[in-house]
Every structure is written in structure tokens, then in C-alpha cells.
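Data first, discussion second: the structure below is written as C-alpha cells.
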Amino acid sequence: MKPVLLWSDALFFLLIAVAVGGAWWGRRQAHLRAGWAQVWTSRRARISAVVLGIFFVIGCVDSLHYRPLLPQEEGKPPAHSVEVLSALDALLMPLKANTEKTYSAPLANELFAKETLDDGSRGFPALKYPGAHVFGTDKVGQDVFYLTLKSIRTGLLIGTLTTLIMLPAAVLLGIVAGYLGGWVDDLIQYLYTTLNSIPGVLLIAASVLMMQVIIDTHPDWFATAAERADARLLALCAILGVTSWTGLCRLLRGETLKLREMEYVQAARAFGVSRLAIMLRHVLPNVMHIVLIAVVMDFSGLVLAEAVLSYVGVGVDPNTISFGTMINAARLELAREPMVWWSLAAAFVFMFAMVLAANLLADAVRDAFDPRAAK
Amino acid sequence: MLAYIVRRLLYAVPILIGVNLITFALFFVVNTPDDMARMQLGVKRVTPEAIEKWKVERGYDQPLFWNGGAAGLGKATETIFYRKSVRMFVFDFGRADDGRDIAREITMRMGPSLAVALPVFLLGLFATISFALLLVYFRASYLDAAGVVACVAMMSISGLFYIIGGQWLVSKIWHLVPISGYAEGLTAGKFLVLPVLIGVIGGIGSGTRWYRTIFLEEIGKDYVRTARAKGLSERLVLFRHVLRNALIPILTGVVVVIPTLFMGSLLIESFFGIPGLGSYTIDAINAQDFAVVRSMVFIGSCLYIVGLLLTDISYTLVDPRIRFQ
């Protein structure tokens with residue numbers, strides 16, 4: 001077995017490291033601790049945090065990728081499969097490997113469609129693994145429960161990496177524009193007004209189409225299909241980041257304008273502290289609550305956006321398992337009689353749980369950290 | 001006032017130029033026309049002649065910025081930049097891959113888009129403001145708390161599920177309206193009921209919450225206390241004082257979307273087979289018709305900028321404190 005570190009894995013773990021590091025640093029900051037303590041008093045927020053925590057654990061396990069060793073042939077060097085698996089695949093091997101021929105209902109013993117059986121009569125053929133598929137199987141016989149678990153990682157990555165990618169630019173430009181003012185401010189305002197006036201979906205569609213051209217015309221850049229799908233996922237995150245940083249940037253600029261006139265900032269200026277140091281030491285820590293709120297508020301919207309973009313055809317790679325691709329594949333089967341409802345239901349339940357938990361937690365975080373929120 | 005509007009209009013010019021440059025960079029610089037041709041023709045069976053033919057068909061065979069081979073002004077105008085980007089300012093979008101004129105197609109499809117988007121917008125606005133006022137009227141009660149939770153739950157459902165669920169329940173189980181389709185004139189009604197209904201329901205969660213926050217912020221102000229102290233009933237306070245003063249924050253979010261209603265809704269139009277601009281965009285994306293996507297990006301930005309302008313003007317109409325500087 002050969003470990004594989006995809007770019008998205010590396011960034012995902014970097015993000016977790018940043019979050020852990022931030023928590024370690026924030027442990028000693030009284031106002032941050034008070035804020036989190038207030039979040040924790042709400043039962044709704046505690047339950048949401050636990051639900052999201054479970055999703056994150058699944059996402060982490062699913063981010064440990066490797067290429068399994070192929071059975072060695074006589075006299076040949078050991079070779080690795082081109083298929084990239086994750087630790088989650090290894091844990092769920094029975095689910096992944098036990099595929100049926102086509103659709104079957106949840107916990108069914110037979111296939112969904114009638115076929116001509118071995119003895120020549122028409123009937124429902126028996127499943128290879130009767131009763132083993134909790135959520136049934138999809139068109140090519142894959143277990144729907146396995147697909148839903150795999151979708152979690154894609155949703156989490158879109159929701160978190162996008163923010164990670166856009167955050168440095170938004171924070172830097174917002175603070176610089178607000179603090180320096182003048183032509184720098186004009187330029188940055190012009191930049192985000194222009195980007196903001198292009199309708200988000202269209203900018204994303206155009207960028208993803210162009211990204212697809214690059215990926216398709218350079219097949220030699222990627223060793224495996226997983227790497228290519230991963231590149232598209234990251235490109236999607238980056239593009240979503242470009243379209244969503246403008247809001248945060250504007251908020252930060254406004255807040256910095258206010259902070260600039262505060263006594264402690266003016267005192268620092270009178271003492272001759274450099275502009276860079278003032279921005280880093282006095283402005284940045286005091287806008288961090290806005291950044292935190294923006295990060296948690298954006299998460300749920302991004303998870304929802306992924307499904308819509310995949311439907312429009314500018315989402316993740318069609319081979320990447322995600323809620324969007326699952327819904328997209330399942331929605332055409334609604335016209336069947338009787339209906340194939342289980343893929344949609346599974347995607348709906350898991351996506352709803354993830355987004356609802358994120359929304360509830362985001363509300364609690366905003367109430368705790370936003371000084372203007374109604375207490 | 002006129003001078004103010006003119007100045008705001010002039011301010012929009014650099015933004016439009018910026019949008020134009022971004023789209024140009026995205027469609028012609030990030031990838032050369034050769035790359036796009038190779039992608040559309042398929043990487044394997046591509047020949048130099050096929051690429052050349054593809055480029056000539058679309059007018060991509062000229063140099064990007066400067067055509068040294070042309071005479072006089074042609075040096076600047078016989079280029080991709082002039083033909084494809086500068087011409088957009090006069091709404092000349094060229095032809096789609098199927099040979100149709102894009103500008104004509106857009107004007108034809110604006111009607112159906114508007115037929116869905118306008119009722120969704122008006123009914124949605126009415127419904128969300130009514131619900132928000134209801135929650136504010138019963139604020140800090142169980143009804144309010146339940147309403148807020150319901151809003152968050154409704155916000156957490158993907159728009160795709162509203163559409164799929166609605167089509168399944170109303171069209172397939174109850175057989176009330178056709179599943180999808182569109183007709184001209186009055187018969188369009190039966191096709192429009194369900195998409196409009198779904199559009200309104202899909203927006204209720206986030207809308208109600210948003211207006212509730214605005215009203216709650218307004219209700220804590222001094223003039224509201226004064227109004228109550230005068231002995232006005234709570235209903236009068238809400239409708240006459242709070243609703244009016246909340247118009248300013250409401251306008252910020254509402255006026256800017258009015259022009260973009262012409263663009264229609266991507267999801268609803270494509271699910272219900274409504275021949276509007278939204279489904280036009282989706283079809284273009286799926287067919288990788290770059291000319292159409294580029295035109296839609298430009299039109300969308302123009303409409304958004306018009307929306308910003310209208311927002312500014314509407315402020316001056318409702319808020320006498322704002323002066324034209």
C-alpha cells in the first residue's frame with residue numbers, strides 16, 4: 001500500500017491544524033473563552049456541534065488516501081493499483097465491494113426490476129447480498145449508504161476550503177483598504193464592486209468551464225483520475241472563494257474605518273507605531289469576531305451551493321461522489337413507476353442534517369460574538 | 001437630482017469596463033481559442049484544419065488585440081477584443097453555436113423569465129414581510145421561537161428538493177398542474193402556478209428571518225417607545241411606524257434585485273422547461289457555448305449595476321435626510 005496525499009487532503013488537514021492552533025491560542029484570551037462558553041450554554045448549539053463533529057470525523061477518515069498493492073505476479077516488481085482509496089473505503093469495504101446489478105429498495109431481498117430468471121419465468125431476481133443495503137442501491141448497484149458517507153467529505157471540503165482560500169485575501173484587502181484609505185481604498189473598492197456585479201452563478205459557470213478546458217487539454221498533469229477530480233474540486237473551491245470574498249472584505253473595511261478612529265489606535269499612532277504593526281496588533285485582533293462569524297455563516301450556504309452547481313453542470317467532477325451528483329443522478333428516476341426514492345431521501349436526510357446543524361451553530365456563534373446581535 | 005443620477009451613471013462606466021475585461025481575460029486569455037477548439041472537438045480526433053475551421057466559424061481566427069495585417073482603423077477593429085468584447089457595449093453579442101443571433105434570443109426569452117420571476121418576487125416579498133411582522137407581533141413567545149426554528153429548517157433544505165418535492169406532490173400525485181412546459185398567453189397560467197409557488201416557498205425561510213431581524217432592530221428605537229407612550233395600539237405602531245421606517249434597510253436588499261429578475265431563475269426554469277434566460281444559460285453551459293455564457297455574464301452585470309443605481313435613487317425618494325452630494 002502506498003499513501004497518497006491529494007492537495008485537498010493536505011489543505012483539509014492544514015485547516016484542521018489552523019483551527020486547533022487557533023483554539024490553543026484562544027484558550028488564553030478571556031473574551032474568546034467567554035464567547036465560546038456562551039455558545040456552549042445553548043443545548044441547540046451543543047447538539048449541532050456534536051453532529052458536525054461526527055461529520056468532520058468521517059470527513060477526516062475519508063481524507064487519508066492510499067493506493068492499494070496489487071496481487072504480486074511472479075517475477076514482477078510490486079505494482080500499485082491506479083484506484084485511490086481512502087481509510088473510509090477500507091473500513092466500509094463490505095459496503096463498497098458488495099454491489100448489485102442495479103436498483104434495489106432499502107433492505108430488499110430482490111432487485112427492483114423484473115427480469116427473465118434462470119428457469120425462464122419473469123420475476124424479481126434475488127440480490128447477491130439480501131437485506132444488506134440499508135438505503136438500497138443505485139442504478140449501477142452501488143450501496144446508497146456508502147455513497148452518502150462518501151458525499152460528506154466533498155460537502156465539508158467545499159464548505160471549509162473555500163473560506164480558507166478566500167480568507168487571507170479578504171482580511172488583508174479589507175483591513176488595508178479601511179486603514180490606509182486614499183487611492184488604495186479606491187482601488188480595492190473598485191475591485192470588489194466589479195467582481196460583485198457579475199452574477200455569482202454566471203461567474204462560477206464561466207470560470208469552471210474555462211478550468212475544465214485547462215484540465216482537459218493537459219491530461220499529462222494528473223497521474224490518476226482521483227487527482228484530476230481533486231484538481232477540479234480545488235478549482236471549484238477557489239472560484240467560489242473569489243465570488244464570495246467581497247462581502248467579508250466590505251464588512252472588514254467598514255469595521256476598520258471605525259476602529260481607525262478609536263483612542264487606542266490613535267494612541268498607538270501617536271507613539272510612532274508603524275502602520276503595519278498597528279494593523280497587525282491593534283486592528284486585526286479586533287475584527288477577528290467578524291471573520292469568525294463569516295466563516296461559520298458561509299459554511300451552510302456553500303454546502304447548498306455545491307448541489308445546485310452540480311445540477312447546473314459546473315460543480316464537482318461527475319466522478320466525485322457528492323450530494324449534488326447523487327441528487328442529479330436520482331432525480332431522473334422519479335418518473336419511474338414505482339418510484340426510486342431512496343437515493344434522494346438519503347441525500348436529503350444527510351444534507352439537511354449537515355446544513356441544519358451548521359446553521360444552528362452559526363446562529364449561536366453569531367449571538368455570542370456579535371456585539372450588535374440582540375441578546 | 002439629475003446631476004446626481006448622471007454622476008452615478010458615469011461611476012458605472014469603469015465597473016462595466018472592468019467586467020468586460022474580466023470576461024475577456026477569462027474566455028480568451030486563460031485559454032487560447034485553440035484550447036477551446038481542441039476541447040469542443042474532442043482531444044483525440046483533432047486536426048489543425050478542424051481547429052482552424054472551428055475558429056473561422058466563430059470569428060476567433062483574428063489576433064487578440066492588434067491586427068497588423070489590416071489597413072487603417074482595421075488594425076484595432078479586426079481583432080477578437082474589438083469584435084467580441086467592445087461590441088458588447090452596444091449589445092451586439094454575435095451568434096450562438098447553433099447560428100442564432102444571441103441578442104434576439106435574449107429579447108425573446110426575457111418575457112417567459114419575467115413571467116416566473118416577477119410573481120415570485122412580488123408574492124415572496126409580500127409573504128415574507130407578512131410572516132416577519134407576525135413573528136415580531138408575537139415576539140418572545142413560543143410562536144416566535146417556533147417560527148424562527150421553522151425558518152432555519154426551511155433555509156437548510158436545498159432548493160433542488162423544493163422543486164423535486166413540489167413536482168412530485170402536486171403534479172404526479174395530485175395531478176393538479178402539468179409537470180413542466182410553457183405556453184404563450186393566458187394558457188401559461190397553469191404552467192406557471194407551480195414554479196411560482198415553489199419559488200415563493202423556497203425563499204420564505206431566509207426572507208422571513210432577514211425581515212424579522214430588521215423589524216426587531218427598528219422596534220427597539222426611541223420613536224417606537226414614544227409612539228407606545230402616546231397610547232397607540234401595538235398594531236398601529238407596527239404598521240404605521242415600524243414598517244415605514246424599516247423601508248430603508250428593506251430597500252437595500254430589494255431594489256437591487258429588480259433588474260436581475262429579467263435573468264430568470266436557473267433552477268426553476270430548467271426543471272419546469274420554461275424557455276427563459278435561465279434555461280438558456282443552463283443549456284449553453286451544458287453545450288459549452290462560450291459565446292452565450294459570455295453574453296449572459298455581461299448582461300447580468302449590466303442589470304446588477306442598474307439595480308445599484310435604482311437603489312441609490314430610491315433612497316433619496318424615501319429618506320429625506322439623504323442629500324445629493
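How things are named: the first chain in the C-alpha cells is A, the next is B, and so on; residues count from 1 in each chain; ligands count from 1 in the order shown.
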
Provide as number ranges by chain the residues of chain A at most 9 Å from chain B, counting only C-alpha atoms.
A: 190-191, 193-199, 201-203, 205-207, 209-214, 216-217, 300-301, 304-305, 307-308, 311-314, 327, 331, 334-335, 344, 348, 351-360, 374

Extract the full set of alpha helix (DSSP H) residues from stretch 62-247 of chain A according to DSSP on the backbone, and format it as a PyMOL selection string.
chain A and resi 87-91+93-97+144-180+182-197+200-217+225-247

Quick one: of A:Ile58, A:Ala105, A:Ile165, A:Val365, who's nearest to A:Leu14, counting only C-alpha atoms?
A:Ile165

Just the residues within 12 Å of B:Ile204, please, counting only C-alpha atoms, with nothing from its chain fewer than 2 positions along; format it as a PDB file with N, CA, C and O atoms, in the first residue's frame.
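Resulting contents of result_18.pdb:
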```pdb
ATOM      1  N   VAL B 120     -42.914  35.632  -8.468  1.00  0.00           N
ATOM      2  CA  VAL B 120     -42.164  35.079  -7.340  1.00  0.00           C
ATOM      3  C   VAL B 120     -41.664  36.211  -6.464  1.00  0.00           C
ATOM      4  O   VAL B 120     -41.765  36.174  -5.237  1.00  0.00           O
ATOM      5  N   PHE B 121     -41.141  37.255  -7.104  1.00  0.00           N
ATOM      6  CA  PHE B 121     -40.585  38.376  -6.361  1.00  0.00           C
ATOM      7  C   PHE B 121     -41.662  39.082  -5.547  1.00  0.00           C
ATOM      8  O   PHE B 121     -41.526  39.282  -4.336  1.00  0.00           O
ATOM      9  N   LEU B 123     -44.934  38.168  -4.766  1.00  0.00           N
ATOM     10  CA  LEU B 123     -45.599  37.331  -3.762  1.00  0.00           C
ATOM     11  C   LEU B 123     -44.639  36.988  -2.633  1.00  0.00           C
ATOM     12  O   LEU B 123     -45.022  36.977  -1.465  1.00  0.00           O
ATOM     13  N   GLY B 124     -43.383  36.729  -3.001  1.00  0.00           N
ATOM     14  CA  GLY B 124     -42.392  36.387  -1.979  1.00  0.00           C
ATOM     15  C   GLY B 124     -42.198  37.535  -1.015  1.00  0.00           C
ATOM     16  O   GLY B 124     -42.156  37.344   0.202  1.00  0.00           O
ATOM     17  N   LEU B 125     -42.084  38.731  -1.553  1.00  0.00           N
ATOM     18  CA  LEU B 125     -41.897  39.911  -0.710  1.00  0.00           C
ATOM     19  C   LEU B 125     -43.072  40.070   0.242  1.00  0.00           C
ATOM     20  O   LEU B 125     -42.907  40.269   1.449  1.00  0.00           O
ATOM     21  N   PHE B 126     -44.291  39.938  -0.330  1.00  0.00           N
ATOM     22  CA  PHE B 126     -45.488  40.096   0.487  1.00  0.00           C
ATOM     23  C   PHE B 126     -45.527  39.026   1.585  1.00  0.00           C
ATOM     24  O   PHE B 126     -45.741  39.324   2.760  1.00  0.00           O
ATOM     25  N   ALA B 127     -45.269  37.767   1.188  1.00  0.00           N
ATOM     26  CA  ALA B 127     -45.361  36.664   2.156  1.00  0.00           C
ATOM     27  C   ALA B 127     -44.323  36.824   3.255  1.00  0.00           C
ATOM     28  O   ALA B 127     -44.642  36.705   4.445  1.00  0.00           O
ATOM     29  N   THR B 128     -43.067  37.103   2.880  1.00  0.00           N
ATOM     30  CA  THR B 128     -42.018  37.143   3.901  1.00  0.00           C
ATOM     31  C   THR B 128     -42.234  38.312   4.847  1.00  0.00           C
ATOM     32  O   THR B 128     -42.071  38.171   6.063  1.00  0.00           O
ATOM     33  N   ILE B 129     -42.630  39.486   4.312  1.00  0.00           N
ATOM     34  CA  ILE B 129     -42.839  40.628   5.207  1.00  0.00           C
ATOM     35  C   ILE B 129     -44.015  40.354   6.127  1.00  0.00           C
ATOM     36  O   ILE B 129     -43.974  40.669   7.320  1.00  0.00           O
ATOM     37  N   SER B 130     -45.082  39.717   5.600  1.00  0.00           N
ATOM     38  CA  SER B 130     -46.218  39.404   6.464  1.00  0.00           C
ATOM     39  C   SER B 130     -45.817  38.448   7.581  1.00  0.00           C
ATOM     40  O   SER B 130     -46.135  38.673   8.755  1.00  0.00           O
ATOM     41  N   PHE B 131     -45.109  37.392   7.213  1.00  0.00           N
ATOM     42  CA  PHE B 131     -44.688  36.427   8.239  1.00  0.00           C
ATOM     43  C   PHE B 131     -43.795  37.094   9.270  1.00  0.00           C
ATOM     44  O   PHE B 131     -43.926  36.852  10.471  1.00  0.00           O
ATOM     45  N   ALA B 132     -42.869  37.934   8.780  1.00  0.00           N
ATOM     46  CA  ALA B 132     -41.942  38.576   9.705  1.00  0.00           C
ATOM     47  C   ALA B 132     -42.708  39.473  10.671  1.00  0.00           C
ATOM     48  O   ALA B 132     -42.453  39.469  11.882  1.00  0.00           O
ATOM     49  N   GLY B 147     -41.456  29.792  15.026  1.00  0.00           N
ATOM     50  CA  GLY B 147     -41.328  30.361  13.693  1.00  0.00           C
ATOM     51  C   GLY B 147     -39.886  30.479  13.268  1.00  0.00           C
ATOM     52  O   GLY B 147     -39.523  30.161  12.124  1.00  0.00           O
ATOM     53  N   VAL B 148     -39.013  30.911  14.202  1.00  0.00           N
ATOM     54  CA  VAL B 148     -37.598  31.065  13.859  1.00  0.00           C
ATOM     55  C   VAL B 148     -36.975  29.703  13.545  1.00  0.00           C
ATOM     56  O   VAL B 148     -36.234  29.553  12.565  1.00  0.00           O
ATOM     57  N   ALA B 150     -38.540  27.106  12.448  1.00  0.00           N
ATOM     58  CA  ALA B 150     -39.068  26.668  11.152  1.00  0.00           C
ATOM     59  C   ALA B 150     -38.324  27.358  10.014  1.00  0.00           C
ATOM     60  O   ALA B 150     -38.019  26.736   8.989  1.00  0.00           O
ATOM     61  N   CYS B 151     -38.010  28.644  10.203  1.00  0.00           N
ATOM     62  CA  CYS B 151     -37.272  29.373   9.161  1.00  0.00           C
ATOM     63  C   CYS B 151     -35.898  28.744   8.935  1.00  0.00           C
ATOM     64  O   CYS B 151     -35.496  28.534   7.783  1.00  0.00           O
ATOM     65  N   VAL B 152     -35.194  28.457  10.030  1.00  0.00           N
ATOM     66  CA  VAL B 152     -33.847  27.873   9.885  1.00  0.00           C
ATOM     67  C   VAL B 152     -33.954  26.521   9.197  1.00  0.00           C
ATOM     68  O   VAL B 152     -33.146  26.193   8.310  1.00  0.00           O
ATOM     69  N   ALA B 153     -34.974  25.737   9.571  1.00  0.00           N
ATOM     70  CA  ALA B 153     -35.132  24.427   8.937  1.00  0.00           C
ATOM     71  C   ALA B 153     -35.411  24.593   7.452  1.00  0.00           C
ATOM     72  O   ALA B 153     -34.845  23.885   6.618  1.00  0.00           O
ATOM     73  N   MET B 154     -36.258  25.563   7.096  1.00  0.00           N
ATOM     74  CA  MET B 154     -36.575  25.759   5.681  1.00  0.00           C
ATOM     75  C   MET B 154     -35.360  26.254   4.903  1.00  0.00           C
ATOM     76  O   MET B 154     -35.183  25.931   3.730  1.00  0.00           O
ATOM     77  N   MET B 155     -34.513  27.044   5.575  1.00  0.00           N
ATOM     78  CA  MET B 155     -33.292  27.520   4.919  1.00  0.00           C
ATOM     79  C   MET B 155     -32.310  26.389   4.663  1.00  0.00           C
ATOM     80  O   MET B 155     -31.425  26.503   3.815  1.00  0.00           O
ATOM     81  N   SER B 156     -32.423  25.321   5.479  1.00  0.00           N
ATOM     82  CA  SER B 156     -31.432  24.250   5.399  1.00  0.00           C
ATOM     83  C   SER B 156     -31.765  23.227   4.326  1.00  0.00           C
ATOM     84  O   SER B 156     -31.038  22.262   4.152  1.00  0.00           O
ATOM     85  N   ILE B 157     -32.883  23.411   3.638  1.00  0.00           N
ATOM     86  CA  ILE B 157     -33.256  22.471   2.578  1.00  0.00           C
ATOM     87  C   ILE B 157     -32.801  23.037   1.250  1.00  0.00           C
ATOM     88  O   ILE B 157     -33.074  24.205   0.945  1.00  0.00           O
ATOM     89  N   GLY B 159     -32.657  24.080  -2.536  1.00  0.00           N
ATOM     90  CA  GLY B 159     -33.701  24.471  -3.475  1.00  0.00           C
ATOM     91  C   GLY B 159     -34.108  23.343  -4.400  1.00  0.00           C
ATOM     92  O   GLY B 159     -35.251  23.255  -4.837  1.00  0.00           O
ATOM     93  N   TYR B 162     -37.018  21.417  -2.925  1.00  0.00           N
ATOM     94  CA  TYR B 162     -38.324  22.077  -3.038  1.00  0.00           C
ATOM     95  C   TYR B 162     -38.932  21.792  -4.407  1.00  0.00           C
ATOM     96  O   TYR B 162     -40.112  21.480  -4.546  1.00  0.00           O
ATOM     97  N   LEU B 197     -45.193  29.109  -7.076  1.00  0.00           N
ATOM     98  CA  LEU B 197     -45.428  28.664  -5.701  1.00  0.00           C
ATOM     99  C   LEU B 197     -44.126  28.150  -5.072  1.00  0.00           C
ATOM    100  O   LEU B 197     -43.773  28.508  -3.940  1.00  0.00           O
ATOM    101  N   ILE B 198     -43.405  27.336  -5.816  1.00  0.00           N
ATOM    102  CA  ILE B 198     -42.169  26.770  -5.278  1.00  0.00           C
ATOM    103  C   ILE B 198     -41.133  27.856  -5.051  1.00  0.00           C
ATOM    104  O   ILE B 198     -40.432  27.872  -4.037  1.00  0.00           O
ATOM    105  N   GLY B 199     -41.066  28.795  -5.998  1.00  0.00           N
ATOM    106  CA  GLY B 199     -40.126  29.902  -5.822  1.00  0.00           C
ATOM    107  C   GLY B 199     -40.414  30.682  -4.554  1.00  0.00           C
ATOM    108  O   GLY B 199     -39.502  31.042  -3.810  1.00  0.00           O
ATOM    109  N   VAL B 200     -41.700  30.929  -4.291  1.00  0.00           N
ATOM    110  CA  VAL B 200     -42.062  31.693  -3.090  1.00  0.00           C
ATOM    111  C   VAL B 200     -41.726  30.898  -1.841  1.00  0.00           C
ATOM    112  O   VAL B 200     -41.085  31.403  -0.911  1.00  0.00           O
ATOM    113  N   ILE B 201     -42.129  29.618  -1.810  1.00  0.00           N
ATOM    114  CA  ILE B 201     -41.905  28.803  -0.608  1.00  0.00           C
ATOM    115  C   ILE B 201     -40.412  28.655  -0.336  1.00  0.00           C
ATOM    116  O   ILE B 201     -39.950  28.758   0.796  1.00  0.00           O
ATOM    117  N   GLY B 202     -39.644  28.462  -1.416  1.00  0.00           N
ATOM    118  CA  GLY B 202     -38.203  28.285  -1.230  1.00  0.00           C
ATOM    119  C   GLY B 202     -37.531  29.492  -0.602  1.00  0.00           C
ATOM    120  O   GLY B 202     -36.503  29.361   0.056  1.00  0.00           O
ATOM    121  N   SER B 206     -35.318  32.145   4.565  1.00  0.00           N
ATOM    122  CA  SER B 206     -34.292  33.166   4.759  1.00  0.00           C
ATOM    123  C   SER B 206     -34.916  34.559   4.770  1.00  0.00           C
ATOM    124  O   SER B 206     -34.513  35.420   5.554  1.00  0.00           O
ATOM    125  N   GLY B 207     -35.948  34.780   3.923  1.00  0.00           N
ATOM    126  CA  GLY B 207     -36.556  36.106   3.852  1.00  0.00           C
ATOM    127  C   GLY B 207     -37.193  36.513   5.169  1.00  0.00           C
ATOM    128  O   GLY B 207     -36.943  37.602   5.685  1.00  0.00           O
ATOM    129  N   THR B 208     -38.008  35.606   5.719  1.00  0.00           N
ATOM    130  CA  THR B 208     -38.695  35.933   6.962  1.00  0.00           C
ATOM    131  C   THR B 208     -37.709  36.264   8.073  1.00  0.00           C
ATOM    132  O   THR B 208     -37.875  37.229   8.807  1.00  0.00           O
ATOM    133  N   ARG B 209     -36.653  35.473   8.166  1.00  0.00           N
ATOM    134  CA  ARG B 209     -35.661  35.697   9.212  1.00  0.00           C
ATOM    135  C   ARG B 209     -35.004  37.063   9.043  1.00  0.00           C
ATOM    136  O   ARG B 209     -34.775  37.791  10.002  1.00  0.00           O
ATOM    137  N   TRP B 210     -34.679  37.373   7.803  1.00  0.00           N
ATOM    138  CA  TRP B 210     -33.993  38.634   7.499  1.00  0.00           C
ATOM    139  C   TRP B 210     -34.864  39.820   7.893  1.00  0.00           C
ATOM    140  O   TRP B 210     -34.418  40.737   8.597  1.00  0.00           O
ATOM    141  N   TYR B 211     -36.160  39.809   7.480  1.00  0.00           N
ATOM    142  CA  TYR B 211     -37.021  40.934   7.803  1.00  0.00           C
ATOM    143  C   TYR B 211     -37.325  40.983   9.287  1.00  0.00           C
ATOM    144  O   TYR B 211     -37.471  42.067   9.852  1.00  0.00           O
ATOM    145  N   ARG B 212     -37.403  39.820   9.919  1.00  0.00           N
ATOM    146  CA  ARG B 212     -37.659  39.801  11.360  1.00  0.00           C
ATOM    147  C   ARG B 212     -36.540  40.543  12.083  1.00  0.00           C
ATOM    148  O   ARG B 212     -36.785  41.346  12.983  1.00  0.00           O
TER     149      ARG B 212
END
```

Could you find all residues in stretch 73-223 of chain A that DSSP calls strand (DSSP E) from the backbone, and write them as a ChimeraX atom specification?
/A:85-86,115-116,122-123

Next, write the just-selected residues to a file, as a PDB file, in the first residue's frame, keeping C-alpha atoms as the atom set.
```
ATOM      1  CA  LEU A  85      -8.892   4.521  -1.885  1.00  0.00           C
ATOM      2  CA  SER A  86      -9.343   6.156   1.489  1.00  0.00           C
ATOM      3  CA  GLU A 115     -36.075  -9.852 -15.278  1.00  0.00           C
ATOM      4  CA  THR A 116     -36.137 -13.186 -17.008  1.00  0.00           C
ATOM      5  CA  ARG A 122     -40.335 -13.482 -15.266  1.00  0.00           C
ATOM      6  CA  GLY A 123     -39.725 -12.347 -11.734  1.00  0.00           C
TER       7      GLY A 123
END
```
